[in-house]
$ cat structure-v4.tsv   # TSV, C-alpha atoms
chain	number	residue	atom	x	y	z
A	1	MET	CA	4.69	-17.49	-3.29
A	2	LYS	CA	2.13	-14.76	-3.86
A	3	LYS	CA	3.10	-11.15	-4.49
A	4	ALA	CA	0.82	-8.11	-4.74
A	5	VAL	CA	1.65	-4.88	-6.54
A	6	VAL	CA	-0.56	-1.84	-5.90
A	7	TYR	CA	0.23	1.62	-7.21
A	8	ALA	CA	-1.04	4.93	-8.50
A	9	SER	CA	0.45	6.99	-11.28
A	10	THR	CA	-0.37	10.50	-12.43
A	11	THR	CA	2.05	10.89	-15.36
A	12	GLY	CA	2.85	7.26	-16.20
A	13	ASN	CA	6.25	7.18	-14.49
A	14	THR	CA	5.19	5.19	-11.43
A	15	GLU	CA	3.08	2.95	-13.69
A	16	ALA	CA	6.21	2.15	-15.73
A	17	MET	CA	7.98	1.31	-12.48
A	18	ALA	CA	5.06	-0.88	-11.36
A	19	ASN	CA	5.01	-2.75	-14.66
A	20	ALA	CA	8.71	-3.56	-14.25
A	21	VAL	CA	8.12	-4.66	-10.63
A	22	ILE	CA	5.31	-6.93	-11.87
A	23	GLU	CA	7.59	-8.35	-14.57
A	24	GLY	CA	10.31	-9.10	-12.01
A	25	ALA	CA	7.79	-10.70	-9.66
A	26	LYS	CA	6.44	-12.95	-12.41
A	27	GLU	CA	9.96	-13.90	-13.52
A	28	SER	CA	10.69	-14.95	-9.92
A	29	GLY	CA	7.96	-17.57	-10.29
A	30	ALA	CA	5.46	-15.85	-8.01
A	31	GLU	CA	1.71	-15.68	-8.46
A	32	VAL	CA	1.11	-11.94	-8.93
A	33	TYR	CA	-1.92	-9.82	-8.09
A	34	SER	CA	-1.70	-6.26	-9.41
A	35	ALA	CA	-4.07	-3.31	-9.34
A	36	THR	CA	-4.22	0.44	-9.13
A	37	ALA	CA	-4.82	1.77	-5.64
A	38	ASP	CA	-8.31	3.00	-6.50
A	39	SER	CA	-9.45	-0.51	-7.51
A	40	ALA	CA	-7.30	-2.85	-5.39
A	41	ASP	CA	-8.86	-5.51	-3.18
A	42	GLY	CA	-7.43	-5.06	0.32
A	43	ALA	CA	-8.06	-8.67	1.35
A	44	GLU	CA	-6.32	-9.95	-1.78
A	45	VAL	CA	-3.32	-7.73	-1.05
A	46	ALA	CA	-3.21	-8.70	2.63
A	47	SER	CA	-3.10	-12.39	1.66
A	48	ALA	CA	0.14	-11.92	-0.32
A	49	ASP	CA	3.52	-13.06	1.00
A	50	VAL	CA	5.19	-9.88	-0.28
A	51	ILE	CA	3.45	-6.56	-0.96
A	52	PHE	CA	4.82	-3.87	-3.29
A	53	LEU	CA	3.26	-0.41	-2.96
A	54	GLY	CA	3.97	2.46	-5.35
A	55	SER	CA	3.10	6.13	-5.30
A	56	PRO	CA	4.41	9.23	-6.99
A	57	ALA	CA	5.45	12.11	-4.76
A	58	MET	CA	2.66	14.67	-4.64
A	59	GLY	CA	2.59	18.24	-3.34
A	60	ASP	CA	4.93	18.62	-0.39
A	61	GLU	CA	6.20	15.05	-0.86
A	62	VAL	CA	3.13	13.10	0.23
A	63	LEU	CA	1.42	9.99	-1.15
A	64	GLU	CA	-1.03	10.25	-4.03
A	65	ASP	CA	-4.60	10.43	-2.64
A	66	SER	CA	-5.82	6.99	-3.77
A	67	VAL	CA	-2.66	5.36	-2.38
A	68	GLU	CA	-3.14	7.19	0.92
A	69	ASP	CA	-6.75	5.95	1.10
A	70	PHE	CA	-5.78	2.38	0.17
A	71	TYR	CA	-2.90	2.35	2.63
A	72	ASN	CA	-5.15	3.57	5.44
A	73	ASN	CA	-7.57	0.72	4.66
A	74	ILE	CA	-4.91	-2.02	4.82
A	75	GLU	CA	-2.53	-0.59	7.43
A	76	SER	CA	-3.97	-2.69	10.27
A	77	SER	CA	-3.35	-5.91	8.27
A	78	LEU	CA	0.36	-5.24	7.62
A	79	ASN	CA	1.79	-6.46	10.93
A	80	GLY	CA	4.42	-9.09	10.13
A	81	LYS	CA	4.10	-8.57	6.36
A	82	LYS	CA	7.03	-8.04	3.98
A	83	VAL	CA	6.47	-4.77	2.11
A	84	ALA	CA	8.51	-2.87	-0.48
A	85	ILE	CA	7.75	0.68	-1.60
A	86	PHE	CA	8.61	2.60	-4.74
A	87	GLY	CA	7.72	5.72	-6.66
A	88	SER	CA	8.70	8.53	-8.95
A	89	TYR	CA	9.31	12.17	-8.14
A	90	ASP	CA	10.17	15.44	-9.84
A	91	TRP	CA	11.78	17.46	-7.07
A	92	GLY	CA	12.67	16.91	-3.41
A	93	ASP	CA	14.77	14.16	-1.97
A	94	GLY	CA	12.44	11.22	-1.31
A	95	GLN	CA	10.92	12.33	1.97
A	96	TRP	CA	7.54	10.84	1.03
A	97	LEU	CA	9.11	7.37	0.83
A	98	ARG	CA	11.03	7.77	4.09
A	99	ASP	CA	7.82	8.87	5.82
A	100	TRP	CA	5.95	5.92	4.30
A	101	ALA	CA	8.65	3.47	5.40
A	102	ASP	CA	8.34	4.82	8.95
A	103	ARG	CA	4.55	4.39	8.85
A	104	LEU	CA	4.95	0.82	7.62
A	105	LYS	CA	7.43	-0.02	10.36
A	106	ASN	CA	5.10	1.50	12.96
A	107	ALA	CA	2.34	-0.77	11.60
A	108	GLY	CA	4.62	-3.78	12.21
A	109	ALA	CA	5.57	-4.41	8.57
A	110	GLU	CA	9.04	-5.47	7.51
A	111	VAL	CA	10.15	-2.95	4.88
A	112	ILE	CA	12.38	-5.11	2.70
A	113	ASN	CA	13.90	-2.28	0.62
A	114	GLY	CA	14.97	0.22	3.26
A	115	GLU	CA	13.69	3.71	2.46
A	116	GLY	CA	12.18	2.62	-0.86
A	117	LEU	CA	13.11	2.78	-4.53
A	118	LYS	CA	12.74	6.28	-5.96
A	119	ILE	CA	13.31	7.35	-9.53
A	120	ASN	CA	13.42	10.92	-10.77
A	121	LEU	CA	10.80	11.43	-13.49
A	122	THR	CA	10.71	8.75	-16.22
A	123	PRO	CA	12.64	5.57	-15.40
A	124	ASP	CA	15.47	4.82	-17.81
A	125	ASP	CA	16.67	1.29	-18.63
A	126	ASP	CA	18.79	1.13	-15.46
A	127	GLY	CA	15.84	2.30	-13.36
A	128	LEU	CA	13.53	-0.29	-14.92
A	129	ALA	CA	16.14	-2.96	-14.22
A	130	GLU	CA	16.17	-1.86	-10.56
A	131	CYS	CA	12.37	-2.17	-10.52
A	132	LYS	CA	12.52	-5.70	-11.96
A	133	LYS	CA	15.11	-6.63	-9.34
A	134	LEU	CA	12.79	-5.21	-6.67
A	135	GLY	CA	9.91	-7.34	-7.95
A	136	ALA	CA	12.05	-10.46	-7.63
A	137	MET	CA	12.66	-9.82	-3.92
A	138	ASN	CA	11.22	-12.21	-1.39
$ encode --input "structure-v4.tsv" --output "structure tokens"
Amino acid sequence: MKKAVVYASTTGNTEAMANAVIEGAKESGAEVYSATADSADGAEVASADVIFLGSPAMGDEVLEDSVEDFYNNIESSLNGKKVAIFGSYDWGDGQWLRDWADRLKNAGAEVINGEGLKINLTPDDDGLAECKKLGAMN
């Protein structure tokens, strides 16, 4: 099983989440490809069995710019793919993840974690445990 984790982080919170997702994916026995959105290889990500995408909420609850660009580049290759999304936020209620989940479903992806895993600001031990559990998902 191959899993890919691609994310962006502006304050380190989403990066902490991504690192826990990566840890959970590795502990599940998967081969793991990980990269930030501004350096990720779209073909490498598209070849994964499960894709984990992370972005902090920006502005009016939208994706971080490099994640938006990366997502637009791989969107056409997501039909039939299992995808999970995650991210951190400061205010709002998670609309950026709900919107992203809708976009993924419209692209034909199977969103395996509903409306995504969101954590307010810095993930605590419970939040990091949730991220590890997410990374173990198939």
$ residues_near_point --input "structure-v4.tsv" --point "(1.5, 6.3, -11.5)" --cutoff "10 Å" --atoms "all atoms listed in the file" --output "number ranges by chain"
A: 7-18, 36-37, 54-57, 64, 87-88
$ residues_around --input "structure-v4.tsv" --residues "Asp60 in chain A" --least-positions-apart "5" --cutoff "12 Å" --atoms "all atoms listed in the file" --output "PyMOL selection string"
chain A and resi 89-96+99
$ residues_near_point --input "structure-v4.tsv" --point "(-3.1, -8.0, -11.7)" --cutoff "12 Å" --atoms "all atoms listed in the file" --output "compact mmCIF listing (two decimals) with C-alpha atoms, keeping the file's coordinate frame"
# COMPACT_ATOMS: atom_id res chain seq x y z
CA LYS A 2 2.13 -14.76 -3.86
CA LYS A 3 3.10 -11.15 -4.49
CA ALA A 4 0.82 -8.11 -4.74
CA VAL A 5 1.65 -4.88 -6.54
CA VAL A 6 -0.56 -1.84 -5.90
CA TYR A 7 0.23 1.62 -7.21
CA ALA A 18 5.06 -0.88 -11.36
CA ASN A 19 5.01 -2.75 -14.66
CA VAL A 21 8.12 -4.66 -10.63
CA ILE A 22 5.31 -6.93 -11.87
CA GLU A 23 7.59 -8.35 -14.57
CA ALA A 25 7.79 -10.70 -9.66
CA LYS A 26 6.44 -12.95 -12.41
CA GLU A 31 1.71 -15.68 -8.46
CA VAL A 32 1.11 -11.94 -8.93
CA TYR A 33 -1.92 -9.82 -8.09
CA SER A 34 -1.70 -6.26 -9.41
CA ALA A 35 -4.07 -3.31 -9.34
CA THR A 36 -4.22 0.44 -9.13
CA ALA A 37 -4.82 1.77 -5.64
CA SER A 39 -9.45 -0.51 -7.51
CA ALA A 40 -7.30 -2.85 -5.39
CA ASP A 41 -8.86 -5.51 -3.18
CA GLU A 44 -6.32 -9.95 -1.78
CA VAL A 45 -3.32 -7.73 -1.05
$ closest_residue --input "structure-v4.tsv" --among "A:Ala129, A:Leu63, A:Val50, A:Leu97" --to "Glu110 in chain A" --atoms "only C-alpha atoms"
A:Val50
$ closest_residue --input "structure-v4.tsv" --among "A:Ala136, A:Ala30, A:Leu104, A:Leu117" --to "Asn79 in chain A" --atoms "all atoms listed in the file"
A:Leu104
$ atom_distance --input "structure-v4.tsv" --atom1 "CA of Glu27 in chain A" --atom2 "CA of Asn73 in chain A"
29.2 Å
$ atom_distance --input "structure-v4.tsv" --atom1 "CA of Ile85 in chain A" --atom2 "CA of Gly29 in chain A"
20.2 Å
$ closest_residue --input "structure-v4.tsv" --among "A:Asn113, A:Ser47, A:Ser76, A:Thr122" --to "Asn138 in chain A" --atoms "all atoms listed in the file"
A:Asn113
$ atom_distance --input "structure-v4.tsv" --atom1 "CA of Ala109 in chain A" --atom2 "CA of Gly80 in chain A"
5.1 Å
$ closest_residue --input "structure-v4.tsv" --among "A:Lys81, A:Met137, A:Glu130, A:Asp125" --to "Ala107 in chain A" --atoms "only C-alpha atoms"
A:Lys81
$ closest_residue --input "structure-v4.tsv" --among "A:Asp69, A:Glu61, A:Asp49, A:Glu75" --to "Arg103 in chain A" --atoms "all atoms listed in the file"
A:Glu75
$ closest_residue --input "structure-v4.tsv" --among "A:Met1, A:Ser77, A:Asn72, A:Ser28" --to "Lys133 in chain A" --atoms "only C-alpha atoms"
A:Ser28
$ decode --input "structure-v4.tsv" --residues "range 33-58 of chain A" --atoms "N, CA and C atoms" --output "mmCIF file, in the first residue's frame"
data_model
loop_
_atom_site.group_PDB
_atom_site.id
_atom_site.type_symbol
_atom_site.label_atom_id
_atom_site.label_comp_id
_atom_site.auth_asym_id
_atom_site.auth_seq_id
_atom_site.Cartn_x
_atom_site.Cartn_y
_atom_site.Cartn_z
ATOM 1 N N TYR A 33 4.908 8.620 0.725
ATOM 2 C CA TYR A 33 5.503 9.759 0.034
ATOM 3 C C TYR A 33 4.946 10.998 0.716
ATOM 4 N N SER A 34 5.809 11.936 1.101
ATOM 5 C CA SER A 34 5.310 13.163 1.719
ATOM 6 C C SER A 34 6.066 14.354 1.154
ATOM 7 N N ALA A 35 5.345 15.475 1.048
ATOM 8 C CA ALA A 35 5.943 16.702 0.520
ATOM 9 C C ALA A 35 5.048 17.881 0.855
ATOM 10 N N THR A 36 5.652 19.061 0.824
ATOM 11 C CA THR A 36 4.830 20.265 0.923
ATOM 12 C C THR A 36 4.200 20.505 -0.447
ATOM 13 N N ALA A 37 3.093 21.216 -0.449
ATOM 14 C CA ALA A 37 2.341 21.417 -1.685
ATOM 15 C C ALA A 37 3.151 22.147 -2.753
ATOM 16 N N ASP A 38 4.061 23.012 -2.336
ATOM 17 C CA ASP A 38 4.843 23.764 -3.324
ATOM 18 C C ASP A 38 5.969 22.951 -3.949
ATOM 19 N N SER A 39 6.221 21.728 -3.445
ATOM 20 C CA SER A 39 7.283 20.905 -4.021
ATOM 21 C C SER A 39 6.824 19.489 -4.371
ATOM 22 N N ALA A 40 5.553 19.184 -4.186
ATOM 23 C CA ALA A 40 5.050 17.825 -4.398
ATOM 24 C C ALA A 40 5.013 17.457 -5.883
ATOM 25 N N ASP A 41 5.258 16.183 -6.146
ATOM 26 C CA ASP A 41 5.215 15.618 -7.486
ATOM 27 C C ASP A 41 3.808 15.050 -7.716
ATOM 28 N N GLY A 42 3.052 15.688 -8.592
ATOM 29 C CA GLY A 42 1.669 15.287 -8.827
ATOM 30 C C GLY A 42 1.526 13.849 -9.281
ATOM 31 N N ALA A 43 2.426 13.376 -10.132
ATOM 32 C CA ALA A 43 2.352 11.996 -10.610
ATOM 33 C C ALA A 43 2.603 11.014 -9.471
ATOM 34 N N GLU A 44 3.539 11.348 -8.606
ATOM 35 C CA GLU A 44 3.837 10.503 -7.446
ATOM 36 C C GLU A 44 2.606 10.417 -6.536
ATOM 37 N N VAL A 45 1.962 11.538 -6.311
ATOM 38 C CA VAL A 45 0.772 11.572 -5.465
ATOM 39 C C VAL A 45 -0.360 10.788 -6.118
ATOM 40 N N ALA A 46 -0.568 10.990 -7.403
ATOM 41 C CA ALA A 46 -1.659 10.309 -8.110
ATOM 42 C C ALA A 46 -1.475 8.793 -8.123
ATOM 43 N N SER A 47 -0.242 8.316 -7.974
ATOM 44 C CA SER A 47 0.004 6.873 -7.990
ATOM 45 C C SER A 47 -0.261 6.212 -6.631
ATOM 46 N N ALA A 48 -0.544 7.003 -5.615
ATOM 47 C CA ALA A 48 -0.787 6.454 -4.273
ATOM 48 C C ALA A 48 -2.170 5.814 -4.182
ATOM 49 N N ASP A 49 -2.278 4.835 -3.286
ATOM 50 C CA ASP A 49 -3.565 4.189 -3.026
ATOM 51 C C ASP A 49 -4.474 5.080 -2.191
ATOM 52 N N VAL A 50 -3.877 5.835 -1.268
ATOM 53 C CA VAL A 50 -4.617 6.763 -0.415
ATOM 54 C C VAL A 50 -3.836 8.078 -0.392
ATOM 55 N N ILE A 51 -4.558 9.187 -0.548
ATOM 56 C CA ILE A 51 -3.947 10.513 -0.589
ATOM 57 C C ILE A 51 -4.479 11.328 0.579
ATOM 58 N N PHE A 52 -3.557 11.950 1.330
ATOM 59 C CA PHE A 52 -3.910 12.821 2.452
ATOM 60 C C PHE A 52 -3.473 14.231 2.086
ATOM 61 N N LEU A 53 -4.406 15.164 2.104
ATOM 62 C CA LEU A 53 -4.126 16.550 1.735
ATOM 63 C C LEU A 53 -4.433 17.460 2.913
ATOM 64 N N GLY A 54 -3.489 18.350 3.243
ATOM 65 C CA GLY A 54 -3.671 19.237 4.379
ATOM 66 C C GLY A 54 -3.445 20.693 4.030
ATOM 67 N N SER A 55 -4.309 21.538 4.582
ATOM 68 C CA SER A 55 -4.188 22.978 4.379
ATOM 69 C C SER A 55 -4.758 23.718 5.576
ATOM 70 N N PRO A 56 -4.071 24.773 5.992
ATOM 71 C CA PRO A 56 -4.685 25.635 6.998
ATOM 72 C C PRO A 56 -5.809 26.444 6.349
ATOM 73 N N ALA A 57 -6.732 26.907 7.166
ATOM 74 C CA ALA A 57 -7.764 27.827 6.679
ATOM 75 C C ALA A 57 -7.116 29.193 6.501
ATOM 76 N N MET A 58 -7.349 29.802 5.375
ATOM 77 C CA MET A 58 -6.785 31.116 5.088
ATOM 78 C C MET A 58 -7.929 32.098 4.819
#
